[in-house]
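Visitor: Sharing protein30.tsv, TSV, C-alpha atoms:
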```tsv
chain	number	residue	atom	x	y	z
A	1	MET	CA	-17.55	27.75	-11.18
A	2	GLY	CA	-14.86	25.09	-11.21
A	3	ASN	CA	-12.44	24.46	-14.07
A	4	HIS	CA	-13.11	20.89	-15.23
A	5	LYS	CA	-12.25	21.09	-18.93
A	6	ASN	CA	-10.41	17.76	-18.93
A	7	ILE	CA	-13.24	15.76	-17.35
A	8	ASN	CA	-14.87	13.26	-19.71
A	9	ILE	CA	-18.50	12.38	-18.97
A	10	SER	CA	-19.16	8.72	-19.74
A	11	ARG	CA	-21.51	5.80	-19.20
A	12	ASN	CA	-19.53	2.81	-20.40
A	13	ASN	CA	-19.73	0.49	-17.38
A	14	GLN	CA	-23.54	0.41	-17.08
A	15	MET	CA	-26.09	-0.76	-19.61
A	16	LEU	CA	-29.77	-1.64	-19.40
A	17	ALA	CA	-31.14	-0.62	-22.81
A	18	LYS	CA	-29.41	-2.92	-25.29
A	19	ASN	CA	-31.98	-2.99	-28.10
A	20	ILE	CA	-32.89	0.58	-29.02
A	21	VAL	CA	-35.01	1.50	-32.03
A	22	VAL	CA	-35.30	5.09	-33.28
A	23	ILE	CA	-38.31	6.16	-35.35
A	24	ASP	CA	-37.44	9.47	-37.00
A	25	GLY	CA	-39.07	11.69	-39.58
A	26	PHE	CA	-40.72	14.96	-40.47
A	27	SER	CA	-43.99	15.87	-38.78
A	28	GLY	CA	-46.84	14.30	-40.73
A	29	THR	CA	-44.85	11.46	-42.29
A	30	GLY	CA	-46.88	8.81	-40.49
A	31	LYS	CA	-44.68	7.83	-37.56
A	32	SER	CA	-47.84	7.42	-35.49
A	33	LEU	CA	-48.73	4.43	-37.68
A	34	ILE	CA	-45.35	2.80	-37.08
A	35	GLY	CA	-44.72	3.41	-33.38
A	36	PRO	CA	-47.80	1.68	-31.92
A	37	LEU	CA	-46.89	-1.56	-33.71
A	38	PHE	CA	-43.90	-2.04	-31.42
A	39	GLY	CA	-46.09	-2.52	-28.35
A	40	TYR	CA	-47.39	-5.67	-30.04
A	41	LEU	CA	-44.02	-7.23	-30.82
A	42	GLU	CA	-42.55	-9.79	-28.43
A	43	LYS	CA	-40.02	-8.26	-26.01
A	44	SER	CA	-40.82	-4.69	-27.05
A	45	GLU	CA	-41.90	-1.84	-24.83
A	46	GLN	CA	-44.43	0.71	-25.98
A	47	TRP	CA	-42.96	3.46	-28.17
A	48	GLN	CA	-41.69	6.45	-26.22
A	49	LEU	CA	-42.14	10.12	-27.18
A	50	ASN	CA	-39.28	11.75	-25.29
A	51	PRO	CA	-37.83	14.94	-26.85
A	52	PHE	CA	-34.65	14.58	-24.78
A	53	TYR	CA	-33.00	12.43	-27.46
A	54	GLU	CA	-33.59	14.89	-30.27
A	55	HIS	CA	-32.63	17.87	-28.09
A	56	ILE	CA	-29.27	16.32	-27.20
A	57	SER	CA	-28.66	15.47	-30.87
A	58	VAL	CA	-29.52	19.03	-31.88
A	59	LEU	CA	-27.25	20.58	-29.24
A	60	ASN	CA	-24.42	18.37	-30.45
A	61	TYR	CA	-25.12	19.32	-34.08
A	62	LEU	CA	-24.97	23.02	-33.12
A	63	GLY	CA	-21.68	22.50	-31.30
A	64	GLU	CA	-23.13	23.21	-27.87
A	65	ILE	CA	-22.30	19.82	-26.35
A	66	SER	CA	-19.38	17.47	-26.96
A	67	ASP	CA	-19.67	14.03	-28.55
A	68	SER	CA	-18.65	12.26	-25.35
A	69	SER	CA	-21.11	14.18	-23.17
A	70	ALA	CA	-23.92	13.69	-25.69
A	71	SER	CA	-23.21	9.96	-25.86
A	72	ALA	CA	-23.19	9.57	-22.08
A	73	MET	CA	-26.42	11.50	-21.68
A	74	LEU	CA	-28.19	9.53	-24.44
A	75	LYS	CA	-27.16	6.21	-22.91
A	76	ASN	CA	-28.12	7.35	-19.42
A	77	GLU	CA	-31.56	8.55	-20.57
A	78	ALA	CA	-32.26	5.31	-22.44
A	79	ASP	CA	-31.33	3.21	-19.41
A	80	ASN	CA	-33.40	5.45	-17.15
A	81	ASP	CA	-36.39	5.30	-19.52
A	82	LEU	CA	-36.27	1.52	-19.65
A	83	TYR	CA	-35.94	1.13	-15.91
A	84	ASP	CA	-38.85	3.51	-15.30
A	85	LEU	CA	-41.03	1.61	-17.78
A	86	PHE	CA	-40.40	-1.62	-15.87
A	87	ILE	CA	-41.78	-0.12	-12.66
A	88	GLY	CA	-44.55	1.93	-14.30
A	89	ARG	CA	-42.89	5.25	-13.48
A	90	ASN	CA	-43.32	8.32	-15.70
A	91	VAL	CA	-45.73	6.46	-17.98
A	92	ASN	CA	-48.18	8.72	-19.79
A	93	PHE	CA	-51.64	7.55	-18.73
A	94	ARG	CA	-53.56	10.30	-20.57
A	95	LYS	CA	-55.99	8.12	-22.50
A	96	THR	CA	-56.27	10.35	-25.56
A	97	ASP	CA	-52.52	10.82	-26.13
A	98	GLU	CA	-50.91	8.73	-28.85
A	99	SER	CA	-48.02	8.10	-26.46
A	100	SER	CA	-50.34	6.60	-23.85
A	101	PRO	CA	-50.55	2.83	-23.33
A	102	PHE	CA	-54.32	3.32	-23.20
A	103	TYR	CA	-54.23	4.63	-26.77
A	104	ASP	CA	-52.32	1.55	-27.94
A	105	GLY	CA	-54.32	-0.85	-25.79
A	106	VAL	CA	-51.35	-2.06	-23.71
A	107	GLU	CA	-52.34	-0.29	-20.47
A	108	ASP	CA	-52.64	-3.49	-18.41
A	109	LEU	CA	-48.93	-4.18	-18.75
A	110	TYR	CA	-47.93	-0.82	-17.28
A	111	LEU	CA	-50.69	-0.62	-14.68
A	112	ASN	CA	-49.58	-4.01	-13.32
A	113	ARG	CA	-46.02	-2.74	-13.02
A	114	LEU	CA	-47.00	0.12	-10.68
A	115	ASP	CA	-46.78	-2.17	-7.67
A	116	LYS	CA	-43.35	-3.54	-8.51
A	117	PRO	CA	-40.61	-2.68	-6.00
A	118	ASP	CA	-38.02	-0.09	-6.93
A	119	LYS	CA	-35.16	-2.50	-6.25
A	120	ASP	CA	-32.39	-4.48	-7.96
A	121	ILE	CA	-34.80	-7.31	-8.74
A	122	ILE	CA	-36.03	-5.13	-11.61
A	123	MET	CA	-32.58	-5.50	-13.18
A	124	ASP	CA	-33.14	-9.25	-13.29
A	125	ASP	CA	-36.45	-8.72	-15.09
A	126	ILE	CA	-34.81	-6.45	-17.64
A	127	ASN	CA	-31.86	-8.76	-18.27
A	128	LYS	CA	-34.15	-11.77	-18.56
A	129	THR	CA	-36.50	-10.04	-21.00
A	130	ASP	CA	-33.80	-8.30	-23.08
A	131	PRO	CA	-36.41	-5.69	-24.07
A	132	ILE	CA	-36.66	-3.48	-27.14
A	133	LEU	CA	-36.93	0.25	-26.47
A	134	PRO	CA	-38.57	2.20	-29.37
A	135	LEU	CA	-38.02	5.97	-29.39
A	136	ASN	CA	-39.94	8.51	-31.47
A	137	ILE	CA	-38.12	11.69	-32.57
A	138	HIS	CA	-38.39	14.45	-35.21
A	139	TYR	CA	-36.11	16.01	-37.84
A	140	VAL	CA	-32.79	14.61	-36.56
A	141	PHE	CA	-31.61	12.26	-39.31
A	142	GLY	CA	-30.09	14.31	-42.09
A	143	TYR	CA	-28.72	16.88	-39.68
A	144	SER	CA	-27.11	14.72	-37.02
A	145	ASP	CA	-25.89	11.12	-36.78
A	146	MET	CA	-25.30	11.52	-33.04
A	147	LEU	CA	-27.79	8.78	-32.17
A	148	PHE	CA	-25.76	6.32	-34.26
A	149	ARG	CA	-22.45	7.43	-32.79
A	150	GLY	CA	-23.71	8.08	-29.28
A	151	LEU	CA	-25.69	4.89	-28.74
A	152	GLY	CA	-23.28	2.66	-30.63
A	153	ASP	CA	-24.07	-1.05	-30.42
A	154	ARG	CA	-27.11	-0.34	-28.26
A	155	LEU	CA	-28.85	1.03	-31.37
A	156	LYS	CA	-30.25	-1.88	-33.35
A	157	LEU	CA	-32.55	-0.14	-35.85
A	158	TYR	CA	-33.01	3.42	-37.10
A	159	ILE	CA	-36.23	3.93	-39.06
A	160	VAL	CA	-36.57	7.08	-41.16
A	161	VAL	CA	-40.14	7.62	-42.32
A	162	LEU	CA	-40.56	9.50	-45.60
A	163	ARG	CA	-43.70	10.75	-47.32
A	164	ASN	CA	-44.56	12.65	-50.49
A	165	PRO	CA	-42.76	16.00	-49.98
A	166	PHE	CA	-45.58	17.93	-51.65
A	167	TYR	CA	-47.98	16.56	-49.04
A	168	LEU	CA	-45.60	17.63	-46.27
A	169	ILE	CA	-45.18	21.11	-47.72
A	170	GLU	CA	-48.95	21.52	-47.86
A	171	THR	CA	-49.36	20.20	-44.31
A	172	TRP	CA	-46.59	22.46	-42.98
A	173	TYR	CA	-48.01	25.51	-44.74
A	174	LYS	CA	-51.67	24.95	-43.83
A	175	GLY	CA	-50.70	24.16	-40.23
A	176	ASN	CA	-48.77	27.44	-40.02
A	177	TRP	CA	-45.81	25.64	-38.51
A	178	ALA	CA	-43.40	28.39	-39.51
A	179	GLY	CA	-45.51	30.82	-37.47
A	180	ILE	CA	-45.94	28.47	-34.52
A	181	MET	CA	-42.30	27.48	-33.99
A	182	CYS	CA	-40.37	29.92	-31.80
A	183	ASN	CA	-43.57	31.90	-31.20
A	184	LYS	CA	-46.29	29.81	-29.57
A	185	ASP	CA	-45.75	29.00	-25.89
A	186	ARG	CA	-47.06	25.45	-26.33
A	187	ASN	CA	-44.47	24.59	-28.98
A	188	PHE	CA	-41.24	23.14	-27.58
A	189	GLN	CA	-39.04	22.91	-30.66
A	190	LEU	CA	-35.54	24.26	-29.99
A	191	CYS	CA	-34.87	27.71	-31.44
A	192	ILE	CA	-31.75	29.82	-31.90
A	193	ASP	CA	-31.12	33.55	-31.84
A	194	SER	CA	-31.06	35.10	-35.28
A	195	VAL	CA	-28.27	37.54	-36.14
A	196	ASN	CA	-31.05	39.77	-37.47
A	197	GLY	CA	-32.99	39.67	-34.20
A	198	GLY	CA	-35.71	37.33	-33.03
A	199	GLU	CA	-35.50	33.55	-33.16
A	200	ILE	CA	-35.58	30.86	-35.84
A	201	PRO	CA	-35.94	27.05	-35.62
A	202	TRP	CA	-32.60	25.33	-35.02
A	203	PHE	CA	-32.73	23.46	-38.33
A	204	ALA	CA	-32.68	26.75	-40.27
A	205	ALA	CA	-29.27	27.73	-38.89
A	206	ASP	CA	-27.44	26.92	-42.15
A	207	TYR	CA	-29.90	28.82	-44.36
A	208	GLU	CA	-30.96	31.57	-41.96
A	209	LYS	CA	-30.91	34.44	-44.49
A	210	ARG	CA	-33.08	32.58	-47.00
A	211	TYR	CA	-35.44	31.43	-44.23
A	212	LEU	CA	-35.95	34.95	-42.89
A	213	GLU	CA	-36.54	36.41	-46.34
A	214	ALA	CA	-39.04	33.70	-47.30
A	215	ASN	CA	-42.81	34.01	-47.00
A	216	GLU	CA	-44.80	31.30	-45.18
A	217	LEU	CA	-45.15	29.01	-48.21
A	218	GLU	CA	-41.50	29.44	-49.14
A	219	LYS	CA	-40.49	28.58	-45.56
A	220	ALA	CA	-42.46	25.32	-45.85
A	221	ILE	CA	-40.77	24.48	-49.16
A	222	LEU	CA	-37.31	25.36	-47.82
A	223	THR	CA	-37.78	23.31	-44.64
A	224	VAL	CA	-38.92	20.14	-46.44
A	225	PHE	CA	-36.35	20.48	-49.22
A	226	GLN	CA	-33.46	21.02	-46.82
A	227	LEU	CA	-34.41	18.06	-44.64
A	228	TYR	CA	-34.99	15.65	-47.52
A	229	SER	CA	-31.74	16.66	-49.26
A	230	ARG	CA	-29.83	16.04	-46.06
A	231	VAL	CA	-31.58	12.72	-45.40
A	232	PHE	CA	-30.42	11.35	-48.75
A	233	ASP	CA	-26.90	12.73	-48.31
A	234	MET	CA	-26.54	11.28	-44.82
A	235	SER	CA	-27.91	7.88	-45.83
A	236	LYS	CA	-25.07	7.64	-48.38
A	237	SER	CA	-22.35	8.83	-46.01
A	238	LEU	CA	-23.05	6.45	-43.12
A	239	SER	CA	-20.55	3.72	-42.30
A	240	GLU	CA	-21.44	0.25	-43.60
A	241	ASN	CA	-22.27	-0.85	-40.05
A	242	ASN	CA	-24.71	2.03	-39.60
A	243	LYS	CA	-26.19	1.55	-43.07
A	244	ASP	CA	-27.14	-1.95	-41.92
A	245	LYS	CA	-29.10	-0.37	-39.03
A	246	LEU	CA	-30.92	2.11	-41.27
A	247	MET	CA	-34.40	1.46	-42.66
A	248	ILE	CA	-35.94	3.98	-45.05
A	249	LEU	CA	-39.69	3.49	-44.78
A	250	VAL	CA	-41.85	5.22	-47.40
A	251	PHE	CA	-45.31	5.90	-46.00
A	252	ASP	CA	-47.29	5.14	-49.19
A	253	ASN	CA	-45.49	1.82	-49.67
A	254	PHE	CA	-46.00	0.92	-46.03
A	255	ILE	CA	-49.78	1.42	-45.97
A	256	GLU	CA	-50.13	-0.70	-49.12
A	257	LYS	CA	-47.97	-3.60	-47.95
A	258	PRO	CA	-47.18	-3.20	-44.23
A	259	ASP	CA	-46.35	-6.88	-43.73
A	260	LYS	CA	-43.19	-6.54	-45.79
A	261	TYR	CA	-41.85	-3.84	-43.48
A	262	ILE	CA	-43.08	-5.49	-40.29
A	263	ASP	CA	-41.40	-8.77	-41.23
A	264	ASP	CA	-38.16	-6.88	-41.89
A	265	ILE	CA	-38.40	-5.10	-38.52
A	266	CYS	CA	-38.97	-8.41	-36.71
A	267	SER	CA	-36.06	-10.02	-38.53
A	268	ARG	CA	-33.64	-7.22	-37.70
A	269	LEU	CA	-34.69	-7.14	-34.03
A	270	LYS	CA	-34.82	-10.93	-33.69
A	271	THR	CA	-38.40	-10.85	-32.45
A	272	THR	CA	-41.88	-11.88	-33.60
A	273	ARG	CA	-45.40	-10.52	-33.60
A	274	SER	CA	-47.35	-11.23	-30.44
A	275	SER	CA	-50.63	-13.16	-30.54
A	276	ARG	CA	-52.45	-9.82	-30.12
A	277	PHE	CA	-50.81	-8.23	-33.16
A	278	PRO	CA	-53.96	-8.35	-35.36
A	279	LYS	CA	-55.63	-6.07	-32.79
A	280	ILE	CA	-53.30	-3.15	-33.45
A	281	MET	CA	-53.38	-3.72	-37.20
A	282	GLY	CA	-57.15	-3.39	-37.06
A	283	LYS	CA	-57.04	-0.28	-34.88
A	284	LEU	CA	-54.62	1.41	-37.27
A	285	ALA	CA	-56.70	0.25	-40.25
A	286	LEU	CA	-53.68	-1.40	-41.85
A	287	PRO	CA	-54.31	-4.17	-44.40
A	288	THR	CA	-53.30	-7.76	-43.69
A	289	PHE	CA	-52.70	-10.39	-46.32
```
Could you show the structure in this file as structure tokens?
Guide:
Amino acid sequence: MGNHKNINISRNNQMLAKNIVVIDGFSGTGKSLIGPLFGYLEKSEQWQLNPFYEHISVLNYLGEISDSSASAMLKNEADNDLYDLFIGRNVNFRKTDESSPFYDGVEDLYLNRLDKPDKDIIMDDINKTDPILPLNIHYVFGYSDMLFRGLGDRLKLYIVVLRNPFYLIETWYKGNWAGIMCNKDRNFQLCIDSVNGGEIPWFAADYEKRYLEANELEKAILTVFQLYSRVFDMSKSLSENNKDKLMILVFDNFIEKPDKYIDDICSRLKTTRSSRFPKIMGKLALPTF
């Protein structure tokens, strides 16, 4: 293995994804009501569920990857994702998945792109459209601000979805998430080795002893409490520039008056609702006034 300690990985001379939106939050907060709306905004792509972004942020938080490498990889993945979307590559066409364009009703757009050539002409389409790339992630804000620092000016909006913590504790406990993570083969959350043997979810690294000693209900309470405490702390500690990019979206307020939030999203992203926007509002059973 070569010695390349002084090499700095970067992606500063190339840029396709210039308008990135992150939708972050605890499982069960209601992100699946927010994400599909983006496919019905002018210039926006369908929301993307790609765990790569949260995994890189987590590895950086744990000290396993440098800031510069994390930044380069995040930018590279975003550009790659956007390019692939413009030629219909790696699009999830499973009709029942929430991340599928069939689920959102925007399948025609991506099916029509399958015949586009994989050539530089696609760059012209991207530059002409100046598209919005919405990304869905879990649990990152509060632990890591790497997506702010790593994406820089490419990041235009960071939405953190919050919901009644008692509801989340109940959902986490009844869903046996503490038992599923790091145990079930079909769960892909990152885990870390415990000093006491076995594995624990990465986010419990700072309170490992308490987590291991807790019963299932106490684990649910600890997990939600720790995340929410960190969310509020991080929202206060952000730079003024990054505070301007942050939107705290409370689920109960959103479902009562979604137009207020949607108008704010459109204003921040300099876009508008498409003519088909009422379709997705009806599908998601959101009120319109």
Visitor: I'd like to know which of A:Phe93, A:Tyr103, A:Tyr173, A:Phe203 is closest to Gly35 of chain A, using all atoms listed in the file.
Guide: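 Smallest distance to Gly35 of chain A is found for A:Tyr103.
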Visitor: Enter the distance from atom CA of Asn80 of chain A to atom CA of Pro131 of chain A, in Å, rounded to one decimal.
Guide: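 The value is 13.5 Å.
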Visitor: Where's the centre, and what are the edge lengths in Å to one decimal, of a box along x, y and z enclosing all listed atoms of segment 206-224 of chain A padded 5 Å per side, as lines of an AutoDock Vina configuration file?
Guide:
```
center_x = -36.3
center_y = 28.3
center_z = -45.6
size_x = 27.7
size_y = 26.3
size_z = 17.2
```
Visitor: Which residues, written as a list of chain:residue names, have at least one atom at most 12 Å from Lys95 of chain A, with only C-alpha atoms counted and residues fewer than 4 positions away on the same chain left out?
Guide: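 Counting only C-alpha atoms, the residues come to A:Val91, A:Ser99, A:Ser100, A:Pro101, A:Phe102, A:Tyr103, A:Asp104, A:Gly105, A:Val106, A:Glu107.
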Visitor: Could those residues be written to a file, using C-alpha atoms, as an mmCIF file, in the frame of the given file?
Guide:
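Below is the file that was written, again-v8.cif:
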```
data_model
loop_
_atom_site.group_PDB
_atom_site.id
_atom_site.type_symbol
_atom_site.label_atom_id
_atom_site.label_comp_id
_atom_site.auth_asym_id
_atom_site.auth_seq_id
_atom_site.Cartn_x
_atom_site.Cartn_y
_atom_site.Cartn_z
ATOM 1 C CA VAL A 91 -45.730 6.460 -17.980
ATOM 2 C CA SER A 99 -48.020 8.100 -26.460
ATOM 3 C CA SER A 100 -50.340 6.600 -23.850
ATOM 4 C CA PRO A 101 -50.550 2.830 -23.330
ATOM 5 C CA PHE A 102 -54.320 3.320 -23.200
ATOM 6 C CA TYR A 103 -54.230 4.630 -26.770
ATOM 7 C CA ASP A 104 -52.320 1.550 -27.940
ATOM 8 C CA GLY A 105 -54.320 -0.850 -25.790
ATOM 9 C CA VAL A 106 -51.350 -2.060 -23.710
ATOM 10 C CA GLU A 107 -52.340 -0.290 -20.470
#
```
Visitor: Can you pull out every residue within 10 Å of Thr288 of chain A, counting only C-alpha atoms, but drop anything in the same chain fewer than 2 positions away, and send it as an NGL selection string?
Guide: :A and (256-259 or 278 or 281-282 or 285-286)
Visitor: Using only C-alpha atoms for the distances, tell me which of A:Ile56, A:Val21, A:Leu284, A:Met73 is nearest to Ile9 of chain A.
Guide: A:Met73
Visitor: Show me, as a list in words, the residues that have an atom within 8 Å of segment 245-248 of chain A when counting all atoms listed in the file, minus same-chain residues fewer than 5 positions from it.
Guide: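 Counting all atoms listed in the file, the residues come to Leu155, Lys156, Leu157, Tyr158, Ile159, Val160, Val161, Leu162 and Ser235 of chain A.
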Visitor: Do you know which residues are at most 10 Å from Leu151 of chain A counting all atoms listed in the file, after dropping those on the same chain fewer than 4 positions away, and could you put them as number ranges by chain?
Guide: A: 17-18, 20, 70-76, 78, 146-147, 155-156
Visitor: Can those selected residues be exported to a file as a PDB file, in the frame of the given file so that it contains C-alpha atoms?
Guide:
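Final file, part_23.pdb:
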```pdb
ATOM      1  CA  ALA A  17     -31.140  -0.620 -22.810  1.00  0.00           C
ATOM      2  CA  LYS A  18     -29.410  -2.920 -25.290  1.00  0.00           C
ATOM      3  CA  ILE A  20     -32.890   0.580 -29.020  1.00  0.00           C
ATOM      4  CA  ALA A  70     -23.920  13.690 -25.690  1.00  0.00           C
ATOM      5  CA  SER A  71     -23.210   9.960 -25.860  1.00  0.00           C
ATOM      6  CA  ALA A  72     -23.190   9.570 -22.080  1.00  0.00           C
ATOM      7  CA  MET A  73     -26.420  11.500 -21.680  1.00  0.00           C
ATOM      8  CA  LEU A  74     -28.190   9.530 -24.440  1.00  0.00           C
ATOM      9  CA  LYS A  75     -27.160   6.210 -22.910  1.00  0.00           C
ATOM     10  CA  ASN A  76     -28.120   7.350 -19.420  1.00  0.00           C
ATOM     11  CA  ALA A  78     -32.260   5.310 -22.440  1.00  0.00           C
ATOM     12  CA  MET A 146     -25.300  11.520 -33.040  1.00  0.00           C
ATOM     13  CA  LEU A 147     -27.790   8.780 -32.170  1.00  0.00           C
ATOM     14  CA  LEU A 155     -28.850   1.030 -31.370  1.00  0.00           C
ATOM     15  CA  LYS A 156     -30.250  -1.880 -33.350  1.00  0.00           C
TER      16      LYS A 156
END
```
Visitor: Would you please work out which residue, of A:Leu227, A:Val250, A:Leu269, A:Ile280, is nearest to Gly39 of chain A when using all atoms listed in the file?
Guide: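 Ranked by minimum distance to Gly39 of chain A, first place goes to A:Ile280.
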Visitor: Counting only C-alpha atoms, which residue out of A:Leu49, A:Met123, A:Ile23, A:Leu114 sits closest to Asp97 of chain A?
Guide: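 Among the listed residues, the smallest separation from Asp97 of chain A belongs to A:Leu49.
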Visitor: Considering only C-alpha atoms, return as a VMD selection string whatever protein or nucleic-acid residues lie within 6 Å of segment 179-190 of chain A, sequence-local ones (same chain, fewer than 2 positions apart) excluded.
Guide: chain A and resid 176 to 177 202
Visitor: Please, what distance in Å, to one decimal, runs between atom CA of Ile137 of chain A and atom CA of Pro51 of chain A?
Guide: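 Between these atoms lies a distance of 6.6 Å.
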Visitor: Check the smallest atom-to-atom distance from each of A:His55, A:Lys283, A:Asn164, A:Ser10 to Leu249 of chain A using only C-alpha atoms, then report the winner.
Guide: A:Asn164
Visitor: Work out how far atom CA of His138 of chain A is from atom CA of Tyr83 of chain A, in Å to one decimal.
Guide: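 Answer for the atom CA of Tyr83 of chain A to atom CA of His138 of chain A separation: 23.6 Å.
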Visitor: Taking only C-alpha atoms into account, which of A:Pro117, A:Leu16, A:Tyr61, A:Asn112 comes nearest Asp79 of chain A?
Guide: A:Leu16
Visitor: Can you tell me, as a PyMOL selection string, which residues sit within 12 Å of (-28.1, 14.0, -42.3) in the file's frame, using all atoms listed in the file?
Guide: chain A and resi 24-25+57-58+61+139-148+160+203+226-238
